[in-house]
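Text of the file protein_25.cif, holding mmCIF, C-alpha atoms and all ligand atoms:
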data_model
#
loop_
_atom_site.label_atom_id
_atom_site.label_comp_id
_atom_site.auth_asym_id
_atom_site.auth_seq_id
_atom_site.Cartn_x
_atom_site.Cartn_y
_atom_site.Cartn_z
CA MET K 26 -18.99 -0.32 3.56
CA ALA K 27 -18.52 -4.05 3.71
CA ARG K 28 -19.57 -4.67 0.14
CA THR K 29 -18.22 -1.55 -1.52
CA ALA K 30 -14.54 -2.41 -1.30
CA VAL K 31 -14.50 -5.12 -3.92
CA SER K 32 -11.84 -5.59 -6.52
CA GLN K 33 -12.36 -3.39 -9.53
CA PHE K 34 -11.66 -6.41 -11.66
CA GLN K 35 -14.41 -8.37 -9.97
CA ARG K 36 -16.76 -5.44 -10.50
CA ASP K 37 -16.04 -5.69 -14.21
CA GLY K 38 -17.03 -9.35 -14.10
CA ALA K 39 -13.45 -10.38 -14.67
CA ASN K 40 -11.84 -12.37 -11.93
CA ALA K 41 -9.40 -15.17 -12.32
CA SER K 42 -11.32 -17.64 -10.22
CA GLY K 43 -13.57 -18.26 -13.19
CA GLN K 44 -16.61 -17.04 -11.29
CA GLY K 45 -19.19 -16.10 -13.86
CA SER K 46 -17.46 -18.05 -16.60
CA SER K 47 -20.45 -20.29 -16.96
CA ARG K 48 -22.29 -17.23 -18.23
CA GLN K 49 -19.35 -15.69 -20.05
CA SER K 50 -17.38 -17.00 -22.95
CA VAL K 51 -13.59 -16.99 -22.82
CA ASP K 52 -13.73 -14.25 -25.44
CA ASP K 53 -15.80 -12.07 -23.11
CA LEU K 54 -13.23 -12.63 -20.40
CA ARG K 55 -10.40 -11.78 -22.81
CA ALA K 56 -12.10 -8.44 -23.54
CA GLN K 57 -12.67 -7.69 -19.86
CA TRP K 58 -9.10 -8.48 -18.88
CA ARG K 59 -7.74 -6.45 -21.80
CA ALA K 60 -9.76 -3.48 -20.54
CA ALA K 61 -8.67 -3.99 -16.93
CA PHE K 62 -5.03 -4.26 -18.02
CA ALA K 63 -5.23 -1.06 -20.09
CA ARG K 64 -6.92 0.81 -17.25
CA VAL K 65 -4.35 -0.13 -14.59
CA ARG K 66 -1.37 0.47 -16.87
CA GLY K 67 -2.86 3.83 -17.82
CA GLU K 68 -3.29 4.84 -14.18
CA THR K 69 0.43 4.30 -13.53
CA GLU K 70 1.31 6.59 -16.43
CA ALA K 71 -1.27 9.17 -15.30
CA ARG K 72 0.38 9.30 -11.87
CA ALA K 73 3.87 9.54 -13.35
CA ALA K 74 2.78 12.26 -15.80
CA HIS K 75 2.93 14.84 -12.98
CA LEU K 76 6.69 14.26 -12.76
CA SER K 77 9.58 15.53 -14.87
CA ALA K 78 12.32 13.25 -16.15
CA GLU K 79 14.56 14.48 -13.30
CA ASP K 80 11.83 13.83 -10.72
CA GLN K 81 11.55 10.26 -11.96
CA ILE K 82 15.20 9.42 -11.29
CA VAL K 83 15.56 10.58 -7.70
CA GLN K 84 15.73 8.14 -4.76
CA SER K 85 15.59 10.02 -1.46
CA MET K 86 16.23 7.02 0.83
CA ALA K 87 16.78 3.27 0.59
CA ASP K 88 13.11 2.52 1.37
CA ALA K 89 11.85 4.69 -1.49
CA SER K 90 12.31 3.97 -5.19
CA PRO K 91 12.49 6.26 -8.21
CA ALA K 92 9.27 6.68 -10.21
CA LYS K 93 11.09 5.43 -13.30
CA TRP K 94 12.07 2.28 -11.41
CA HIS K 95 8.46 1.68 -10.29
CA ARG K 96 7.25 1.99 -13.91
CA ALA K 97 9.88 -0.50 -15.08
CA HIS K 98 9.61 -2.92 -12.14
CA VAL K 99 5.86 -3.52 -12.55
CA THR K 100 6.57 -4.15 -16.23
CA TRP K 101 9.31 -6.64 -15.35
CA PHE K 102 6.74 -8.43 -13.15
CA PHE K 103 4.49 -9.11 -16.16
CA GLU K 104 7.46 -10.03 -18.34
CA THR K 105 8.89 -12.47 -15.77
CA PHE K 106 5.83 -14.12 -14.28
CA LEU K 107 3.32 -13.92 -17.13
CA LEU K 108 4.99 -13.62 -20.54
CA LYS K 109 8.11 -15.78 -20.19
CA PRO K 110 6.29 -18.82 -18.76
CA HIS K 111 3.16 -18.56 -20.93
CA ASP K 112 4.22 -17.18 -24.32
CA PRO K 113 6.88 -19.37 -25.99
CA ASP K 114 7.37 -16.70 -28.67
CA TYR K 115 7.91 -13.82 -26.25
CA LYS K 116 11.17 -11.90 -26.82
CA ILE K 117 12.79 -10.26 -23.78
CA PHE K 118 12.88 -6.49 -24.36
CA ASP K 119 16.41 -6.02 -22.99
CA GLU K 120 18.52 -8.75 -21.35
CA ARG K 121 19.95 -6.20 -18.87
CA PHE K 122 16.57 -5.19 -17.47
CA PRO K 123 15.74 -8.19 -15.26
CA PHE K 124 18.84 -7.46 -13.12
CA LEU K 125 17.88 -3.78 -12.83
CA PHE K 126 14.18 -4.19 -12.17
CA ASN K 127 13.82 -7.35 -10.06
CA SER K 128 12.97 -6.11 -6.57
CA TYR K 129 13.37 -8.93 -4.05
CA TYR K 130 12.52 -12.20 -5.84
CA VAL K 131 15.54 -14.38 -5.10
CA ALA K 132 14.11 -17.25 -7.13
CA ALA K 133 13.82 -14.94 -10.17
CA GLY K 134 17.54 -14.25 -10.27
CA PRO K 135 20.16 -11.71 -9.13
CA ARG K 136 19.24 -8.05 -8.78
CA HIS K 137 20.63 -4.58 -8.41
CA ALA K 138 21.09 -3.20 -4.87
CA ARG K 139 17.95 -1.46 -3.68
CA PRO K 140 19.63 1.62 -2.13
CA GLN K 141 21.33 2.34 -5.47
CA ARG K 142 18.27 2.48 -7.70
CA GLY K 143 18.58 6.25 -7.91
CA LEU K 144 21.98 5.94 -9.61
CA ILE K 145 20.50 4.35 -12.73
CA THR K 146 20.16 7.32 -15.09
CA ARG K 147 20.31 4.91 -18.03
CA PRO K 148 18.18 3.24 -19.30
CA ASN K 149 16.49 6.61 -19.53
CA GLY K 150 12.81 7.48 -19.37
CA ALA K 151 12.27 6.88 -23.07
CA ASP K 152 13.81 3.41 -22.75
CA VAL K 153 11.43 2.59 -19.91
CA ALA K 154 8.48 3.91 -21.93
CA GLY K 155 9.60 1.60 -24.75
CA TYR K 156 9.80 -1.32 -22.29
CA ARG K 157 6.28 -0.62 -21.10
CA ALA K 158 4.94 -0.42 -24.66
CA HIS K 159 6.69 -3.68 -25.62
CA VAL K 160 5.25 -5.56 -22.66
CA ASP K 161 1.81 -3.98 -23.06
CA LYS K 162 1.65 -5.24 -26.62
CA ALA K 163 2.84 -8.70 -25.66
CA VAL K 164 0.36 -9.04 -22.78
CA GLU K 165 -2.51 -7.91 -25.02
CA HIS K 166 -1.39 -10.45 -27.60
CA LEU K 167 -1.23 -13.20 -24.96
CA ILE K 168 -4.73 -12.36 -23.68
CA ASP K 169 -6.10 -12.53 -27.23
CA SER K 170 -4.25 -15.57 -28.52
CA MET K 171 -3.64 -18.04 -25.68
CA PRO K 172 -5.49 -21.35 -25.83
CA ALA K 173 -8.70 -21.32 -23.81
CA ALA K 174 -7.33 -24.18 -21.68
CA GLU K 175 -4.63 -21.85 -20.32
CA ALA K 176 -6.99 -18.95 -19.65
CA ALA K 177 -7.58 -19.60 -15.96
CA ARG K 178 -3.86 -19.68 -15.07
CA VAL K 179 -3.00 -16.71 -17.31
CA PHE K 180 -5.82 -14.59 -15.88
CA GLU K 181 -4.78 -15.56 -12.35
CA ILE K 182 -1.23 -14.27 -12.85
CA LEU K 183 -2.47 -11.25 -14.77
CA GLU K 184 -4.73 -10.39 -11.85
CA ILE K 185 -1.84 -10.62 -9.36
CA GLY K 186 0.22 -8.42 -11.69
CA LEU K 187 -2.50 -5.77 -11.80
CA HIS K 188 -2.88 -5.68 -8.01
CA HIS K 189 0.91 -5.55 -7.75
CA GLU K 190 1.02 -2.59 -10.13
CA GLN K 191 -1.65 -0.84 -8.05
CA GLN K 192 0.51 -1.25 -4.95
CA HIS K 193 3.35 0.43 -6.79
CA GLN K 194 1.02 3.23 -7.93
CA GLU K 195 0.65 4.10 -4.25
CA LEU K 196 4.39 3.79 -3.62
CA LEU K 197 5.17 5.97 -6.64
CA ILE K 198 3.38 8.83 -4.89
CA THR K 199 4.56 8.22 -1.33
CA ASP K 200 8.13 7.95 -2.59
CA ILE K 201 8.09 11.18 -4.61
CA LEU K 202 6.48 13.02 -1.69
CA HIS K 203 9.40 11.94 0.47
CA ALA K 204 11.81 13.22 -2.18
CA PHE K 205 9.95 16.53 -2.51
CA ALA K 206 9.96 16.91 1.27
CA GLN K 207 13.79 17.00 1.14
CA ASN K 208 13.69 19.88 -1.36
CA PRO K 209 13.88 23.40 0.16
CA THR K 210 11.64 24.74 -2.64
CA ASP K 211 8.70 22.58 -1.48
CA PRO K 212 7.76 21.16 -4.91
CA THR K 213 4.16 20.45 -5.80
CA TYR K 214 3.10 17.04 -7.15
CA ASP K 215 -0.34 18.32 -8.18
CA ALA K 216 -1.36 21.92 -7.48
CA SER K 217 -5.04 20.99 -7.69
CA TRP K 218 -4.75 18.17 -5.15
CA GLN K 219 -7.19 18.41 -2.23
CA PRO K 220 -6.99 16.38 0.98
CA PRO K 221 -9.88 13.95 1.50
CA ARG K 222 -12.59 15.19 3.84
CA PRO K 223 -13.11 13.08 6.95
CA THR K 224 -16.60 12.08 8.02
CA GLN K 225 -18.23 14.59 10.35
CA GLY K 226 -20.34 13.74 13.39
CA PRO K 227 -19.78 12.98 17.06
CA ARG K 228 -16.33 11.68 17.96
CA SER K 229 -17.48 8.71 19.97
CA PHE K 230 -16.38 5.20 20.79
CA VAL K 231 -18.58 2.38 19.55
CA GLU K 232 -18.82 -1.25 20.65
CA VAL K 233 -17.30 -3.97 18.53
CA PRO K 234 -19.21 -7.27 18.58
CA ALA K 235 -17.32 -9.56 20.97
CA GLY K 236 -16.86 -13.31 20.78
CA ILE K 237 -15.35 -15.76 18.33
CA MET K 238 -15.44 -14.11 14.91
CA PRO K 239 -14.34 -15.20 11.41
CA ILE K 240 -11.28 -13.27 10.15
CA GLY K 241 -9.76 -13.21 6.69
CA HIS K 242 -10.83 -13.17 3.10
CA GLU K 243 -14.21 -14.57 2.14
CA GLY K 244 -15.71 -15.21 -1.25
CA GLU K 245 -14.55 -15.52 -4.84
CA GLY K 246 -12.91 -12.14 -5.39
CA PHE K 247 -9.18 -11.53 -5.43
CA CYS K 248 -7.07 -11.42 -2.30
CA PHE K 249 -3.40 -11.78 -1.50
CA ASP K 250 -2.32 -15.03 0.12
CA ASN K 251 -1.63 -13.29 3.45
CA GLU K 252 -5.40 -12.72 3.90
CA THR K 253 -5.97 -16.47 4.11
CA PRO K 254 -6.88 -18.95 5.51
CA ARG K 255 -10.07 -17.52 6.93
CA HIS K 256 -10.10 -18.52 10.58
CA ASP K 257 -11.69 -17.75 13.93
CA ALA K 258 -10.30 -15.15 16.33
CA LEU K 259 -11.43 -14.11 19.80
CA ILE K 260 -12.61 -10.49 19.96
CA PRO K 261 -12.65 -9.20 23.55
CA PRO K 262 -15.26 -6.68 24.69
CA ILE K 263 -13.88 -3.37 23.36
CA ARG K 264 -15.01 -0.07 21.97
CA ILE K 265 -13.34 1.46 18.94
CA ALA K 266 -13.14 5.11 17.89
CA ARG K 267 -15.55 5.97 15.10
CA HIS K 268 -13.07 8.57 13.79
CA LEU K 269 -9.40 8.69 12.99
CA VAL K 270 -7.16 10.65 15.38
CA SER K 271 -7.05 14.27 14.19
CA ASN K 272 -4.27 16.80 13.80
CA ALA K 273 -5.86 18.84 16.61
CA GLU K 274 -5.57 15.86 18.96
CA TRP K 275 -1.99 15.32 17.82
CA GLN K 276 -1.16 18.96 18.54
CA GLU K 277 -2.43 18.41 22.10
CA PHE K 278 -0.03 15.48 22.36
CA ILE K 279 2.84 17.69 21.19
CA ALA K 280 1.85 20.56 23.49
CA ALA K 281 1.67 18.18 26.46
CA GLY K 282 5.27 17.13 25.83
CA GLY K 283 4.42 13.81 24.23
CA TYR K 284 7.67 13.70 22.27
CA ALA K 285 9.67 14.49 25.43
CA THR K 286 8.09 12.00 27.85
CA PRO K 287 9.95 8.67 27.80
CA SER K 288 7.32 6.86 29.89
CA LEU K 289 4.90 7.09 26.93
CA TRP K 290 7.21 5.28 24.53
CA LEU K 291 8.32 1.79 23.73
CA SER K 292 12.06 1.52 24.27
CA ASP K 293 12.87 1.24 20.55
CA GLY K 294 10.56 4.15 19.83
CA TRP K 295 12.14 6.39 22.45
CA ALA K 296 15.59 5.60 21.06
CA LEU K 297 14.37 6.66 17.63
CA VAL K 298 12.75 9.86 18.92
CA GLN K 299 16.12 10.84 20.35
CA ALA K 300 18.23 9.68 17.43
CA GLU K 301 16.02 11.38 14.83
CA GLY K 302 15.01 14.39 16.91
CA TRP K 303 11.32 13.73 16.23
CA GLN K 304 9.05 16.47 17.61
CA ALA K 305 6.05 16.08 15.30
CA PRO K 306 4.71 13.77 12.55
CA GLY K 307 6.69 13.32 9.36
CA TYR K 308 6.72 16.33 7.02
CA TRP K 309 5.49 18.74 9.75
CA ARG K 310 7.34 22.06 10.13
CA ARG K 311 6.81 24.87 12.57
CA GLN K 312 6.94 28.32 10.98
CA ASP K 313 6.09 31.60 12.73
CA GLY K 314 4.30 29.75 15.51
CA ALA K 315 2.10 27.65 13.22
CA TRP K 316 2.34 24.08 11.93
CA PHE K 317 2.74 23.38 8.23
CA ALA K 318 3.08 20.03 6.47
CA MET K 319 4.43 18.92 3.14
CA THR K 320 1.56 17.53 1.03
CA LEU K 321 0.95 16.54 -2.57
CA ALA K 322 -0.01 20.20 -3.17
CA GLY K 323 3.23 21.45 -1.61
CA LEU K 324 3.62 23.01 1.83
CA GLN K 325 0.21 23.58 3.42
CA SER K 326 -0.90 24.70 6.86
CA VAL K 327 -1.94 21.78 9.07
CA ASP K 328 -5.75 21.49 9.21
CA PRO K 329 -6.69 20.72 12.83
CA ALA K 330 -9.83 18.85 11.76
CA ALA K 331 -8.05 16.54 9.32
CA PRO K 332 -6.80 13.10 10.36
CA VAL K 333 -3.13 12.97 11.33
CA LEU K 334 -0.86 11.40 8.71
CA HIS K 335 2.75 10.26 8.49
CA VAL K 336 3.09 8.86 11.99
CA SER K 337 5.13 5.75 12.75
CA TYR K 338 3.91 2.77 14.77
CA TYR K 339 5.99 4.04 17.68
CA GLU K 340 4.24 7.41 17.58
CA ALA K 341 0.80 5.82 17.23
CA ASP K 342 1.51 3.58 20.22
CA ALA K 343 2.81 6.50 22.33
CA PHE K 344 -0.23 8.60 21.44
CA ALA K 345 -2.55 5.76 22.47
CA ARG K 346 -0.78 5.48 25.83
CA PHE K 347 -1.01 9.26 26.27
CA ALA K 348 -4.76 9.05 25.59
CA GLY K 349 -5.21 6.18 28.05
CA LYS K 350 -6.31 3.90 25.21
CA HIS K 351 -4.70 1.34 22.92
CA LEU K 352 -4.50 0.58 19.23
CA PRO K 353 -7.05 -1.96 17.99
CA SER K 354 -5.81 -5.37 16.92
CA GLU K 355 -6.16 -6.10 13.22
CA PHE K 356 -8.95 -8.53 14.08
CA GLU K 357 -10.86 -5.95 16.10
CA TRP K 358 -10.46 -3.52 13.19
CA GLU K 359 -11.74 -6.06 10.65
CA VAL K 360 -14.83 -6.94 12.68
CA ALA K 361 -15.59 -3.24 13.29
CA ALA K 362 -15.23 -2.44 9.59
CA ARG K 363 -17.36 -5.41 8.55
CA GLU K 364 -20.06 -4.34 11.00
CA ASN K 365 -19.82 -0.83 9.56
CA VAL K 366 -19.48 0.85 12.96
CA ILE K 367 -16.43 2.98 12.06
CA ALA K 368 -16.07 6.01 9.79
CA ASP K 369 -13.24 6.57 7.32
CA ALA K 370 -12.12 2.94 7.34
CA PHE K 371 -10.88 3.45 3.77
CA GLY K 372 -9.50 6.22 1.61
CA ILE K 373 -7.68 8.52 4.03
CA ALA K 374 -5.01 6.78 6.11
CA TRP K 375 -3.66 3.29 6.60
CA GLN K 376 -4.33 2.62 10.25
CA TRP K 377 -1.71 1.08 12.51
CA THR K 378 -2.92 -1.86 14.55
CA ARG K 379 -1.20 -3.43 17.54
CA SER K 380 -0.96 -6.73 15.62
CA ALA K 381 2.39 -8.06 14.50
CA TYR K 382 2.43 -9.17 10.87
CA LEU K 383 2.22 -12.94 11.22
CA PRO K 384 0.87 -15.81 9.12
CA TYR K 385 -2.73 -16.79 9.77
CA PRO K 386 -3.12 -20.33 11.17
CA GLY K 387 -2.49 -22.79 8.34
CA TYR K 388 -0.92 -20.23 6.00
CA ARG K 389 1.36 -21.61 3.33
CA ALA K 390 3.14 -19.42 0.82
CA ALA K 391 2.79 -20.48 -2.82
CA GLU K 392 5.54 -22.53 -4.46
CA GLY K 393 8.12 -20.73 -6.57
CA ALA K 394 9.10 -17.09 -6.93
CA LEU K 395 5.58 -15.68 -6.45
CA GLY K 396 5.54 -17.33 -3.03
CA GLU K 397 8.06 -14.64 -2.04
CA TYR K 398 5.41 -11.94 -2.51
CA ASN K 399 4.23 -11.77 1.13
CA GLY K 400 5.26 -14.74 3.23
CA LYS K 401 8.95 -14.01 3.69
CA PHE K 402 8.19 -10.63 5.30
CA MET K 403 6.23 -12.05 8.21
CA VAL K 404 8.57 -10.91 10.96
CA ASN K 405 9.36 -7.59 12.69
CA GLN K 406 6.58 -5.61 10.99
CA MET K 407 3.18 -4.35 12.13
CA VAL K 408 -0.15 -4.65 10.31
CA LEU K 409 -2.01 -1.62 8.99
CA ARG K 410 -5.65 -1.84 7.91
CA GLY K 411 -7.92 0.20 5.64
CA SER K 412 -6.44 2.18 2.75
CA SER K 413 -5.06 5.65 2.12
CA LEU K 414 -5.84 8.70 0.04
CA VAL K 415 -3.46 7.47 -2.67
CA THR K 416 -4.59 3.83 -2.73
CA PRO K 417 -5.95 3.21 -6.23
CA GLN K 418 -9.70 2.97 -6.64
CA GLY K 419 -10.95 -0.56 -6.09
CA HIS K 420 -7.72 -1.86 -4.51
CA ALA K 421 -8.87 -1.89 -0.87
CA ARG K 422 -10.66 -4.71 0.94
CA LEU K 423 -11.94 -5.47 4.43
CA SER K 424 -9.42 -8.28 4.80
CA TYR K 425 -6.45 -6.40 3.25
CA ARG K 426 -3.28 -6.54 5.37
CA ASN K 427 -0.70 -3.87 4.74
CA PHE K 428 2.53 -4.05 6.73
CA PHE K 429 5.46 -1.80 7.52
CA TYR K 430 8.35 -1.63 9.95
CA PRO K 431 7.52 0.27 13.15
CA PRO K 432 9.72 3.33 12.36
CA ALA K 433 8.19 3.92 8.89
CA ARG K 434 6.27 7.15 8.40
CA TRP K 435 6.63 8.11 4.76
CA GLN K 436 3.40 6.29 3.93
CA PHE K 437 0.01 7.91 4.56
CA THR K 438 -0.27 6.31 7.98
CA GLY K 439 -2.60 7.33 10.81
CA LEU K 440 -4.53 5.65 13.59
CA ARG K 441 -7.78 5.17 15.42
CA LEU K 442 -7.97 4.30 19.11
CA ALA K 443 -9.70 1.53 21.02
CA GLU K 444 -10.57 1.01 24.68
CA PHE K 445 -11.40 -2.05 26.75
CA VAL K 446 -14.96 -2.13 28.08
FE FE O 501 6.93 -5.02 -6.50
#

Translate this structure into structure tokens?
Amino acid sequence: MARTAVSQFQRDGANASGQGSSRQSVDDLRAQWRAAFARVRGETEARAAHLSAEDQIVQSMADASPAKWHRAHVTWFFETFLLKPHDPDYKIFDERFPFLFNSYYVAAGPRHARPQRGLITRPNGADVAGYRAHVDKAVEHLIDSMPAAEAARVFEILEIGLHHEQQHQELLITDILHAFAQNPTDPTYDASWQPPRPTQGPRSFVEVPAGIMPIGHEGEGFCFDNETPRHDALIPPIRIARHLVSNAEWQEFIAAGGYATPSLWLSDGWALVQAEGWQAPGYWRRQDGAWFAMTLAGLQSVDPAAPVLHVSYYEADAFARFAGKHLPSEFEWEVAARENVIADAFGIAWQWTRSAYLPYPGYRAAEGALGEYNGKFMVNQMVLRGSSLVTPQGHARLSYRNFFYPPARWQFTGLRLAEFV
């Protein structure tokens, strides 16, 4: 597993570090980056193509964004951070768009209020498609025509923009699922969608190598700044679950009164259970004595053998206490995944860890607006590791650090347990 989760751009031989450039001409790199750009931009449109124009406007909560906004925002990212600084001839598509489609970059200028993104019916879908086509053409032109001396910096920002767009490809789907889950007709994103199959085999706990271990990104491939600097961490003697916690195990937690037992919960979590009336994971519904859940293929019966999804950090922590175990730290998870002792590390559920989202020792955010990408969120959130069933192909890495607030459960979030030896 350790070597399969490389950047798709690296696999194509195109990475902004210049690795391989001694063997490849700048023109080869231009061709590879053009292909990578077209592929990622195309994947966004393929995901949005399942949605009607009305679907693409809706915003079901402040944390979720309309699909149309995602398609425009990732385009704004290329316009703002790649085209404006590096193409003196670039013409802004529409002077009103930066205000509408800047997300949280204070240094990039003022922006529209996040909870009100669903009110923006105009520009309409055709306008956003025109914006995407305009920026696509300009980026392709920049890749082809920039001086070779600027190639390294241009490819570096292009690479960040592609990974950024992939993150929004995942959000586009999690956000529309949340919207569909509010709809009494149980809409279907993709009728042919099938849940990923978890690895079979004995549900055992396996030892994680203990001691002082290197943590963080290694090598020449892409990573976000929050995966660096690589540093040492102390791994205590623990065992980690080979498998993700299943729906069957979660149903035992429910049946045992897990959602009604305050001693299992962190104080903030118990307050939320009461305030929200939580009795099961997000999107679960009880009908005629059986559990159903809203999925990308509409309302489906809950498969006991499948990993549990859509649980918050508070629920994951309460379940671990119920089971007499704990959640692994992000460091324990990374060592276990690198040593290939766990199943389903990637591709099903982001896995909550007990690690707060903090800077690694020596971390410094980059200068300027792009330095706002990760660093300013390093408080009050918890780290999730792995990747989910809607993470784009090639986006996941061993050192990848996802992060969400403890109450969040609209992402494809699950857990695996750990125990002290
Ligand atoms: Fe973004």

Expected selection as a PDB file with C-alpha atoms, in the frame of the given file for ligand FE 501 (chain O) within 8 Å, only C-alpha atoms and all ligand atoms:
ATOM      1  CA  HIS K  95       8.460   1.680 -10.290  1.00  0.00           C
ATOM      2  CA  HIS K  98       9.610  -2.920 -12.140  1.00  0.00           C
ATOM      3  CA  VAL K  99       5.860  -3.520 -12.550  1.00  0.00           C
ATOM      4  CA  PHE K 102       6.740  -8.430 -13.150  1.00  0.00           C
ATOM      5  CA  SER K 128      12.970  -6.110  -6.570  1.00  0.00           C
ATOM      6  CA  TYR K 129      13.370  -8.930  -4.050  1.00  0.00           C
ATOM      7  CA  HIS K 189       0.910  -5.550  -7.750  1.00  0.00           C
ATOM      8  CA  GLU K 190       1.020  -2.590 -10.130  1.00  0.00           C
ATOM      9  CA  GLN K 192       0.510  -1.250  -4.950  1.00  0.00           C
ATOM     10  CA  HIS K 193       3.350   0.430  -6.790  1.00  0.00           C
TER      11      HIS K 193
END

Output as CSV one row per residue of stretch 131-190 of chain K within 9 Å of stretch 78-85 of chain K: the closest atom pair and its distance in Å to one decimal place, counting all atoms listed in the file, sorted by chain and residue number ascending.
residue,atom,partner,partner_atom,distance
K:Pro140,CA,K:Gln84,CA,8.0
K:Gln141,CA,K:Gln84,CA,8.1
K:Arg142,CA,K:Gln84,CA,6.9
K:Gly143,CA,K:Gln84,CA,4.6
K:Leu144,CA,K:Ile82,CA,7.8
K:Ile145,CA,K:Ile82,CA,7.5
K:Thr146,CA,K:Ile82,CA,6.6
K:Asn149,CA,K:Ala78,CA,8.5
K:Gly150,CA,K:Ala78,CA,6.6

Do you know which residues are at most 8 Å from stretch 285-289 of chain K counting only C-alpha atoms, after dropping those on the same chain fewer than 3 positions away, and could you put them as a ChimeraX atom specification?
-> /K:282,295,343-344,346-347

Taking all atoms listed in the file into account, which of K:Val51, K:Leu383, K:Val333, K:Leu442 comes nearest K:Val404?
->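 Closest to K:Val404, using all atoms listed in the file: K:Leu383.
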
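Nearest residue to K:His268, choosing from K:Ala206, K:Val366, K:Ala345, K:Cys248 and counting only C-alpha atoms: K:Val366.
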
Which neighbours of K:Phe118 fall inside 9 Å, counting only C-alpha atoms, when residues of the same chain fewer than 3 positions from it are skipped, and could you give them as a PyMOL selection string?
-> chain K and resi 104+121-122+155-156+159-160

Can you write just those residues out, C-alpha atoms, as a JSON list (two decimals), keeping the file's coordinate frame?
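result_39.json was written with the following content:
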[["chain", "number", "residue", "atom", "x", "y", "z"],
["K", 104, "GLU", "CA", 7.46, -10.03, -18.34],
["K", 121, "ARG", "CA", 19.95, -6.20, -18.87],
["K", 122, "PHE", "CA", 16.57, -5.19, -17.47],
["K", 155, "GLY", "CA", 9.60, 1.60, -24.75],
["K", 156, "TYR", "CA", 9.80, -1.32, -22.29],
["K", 159, "HIS", "CA", 6.69, -3.68, -25.62],
["K", 160, "VAL", "CA", 5.25, -5.56, -22.66]]

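Each of K:Arg178, K:Arg434, K:Arg157, K:Arg55 was checked against K:Thr69 using only C-alpha atoms; the smallest atom-to-atom distance is that of K:Arg157.
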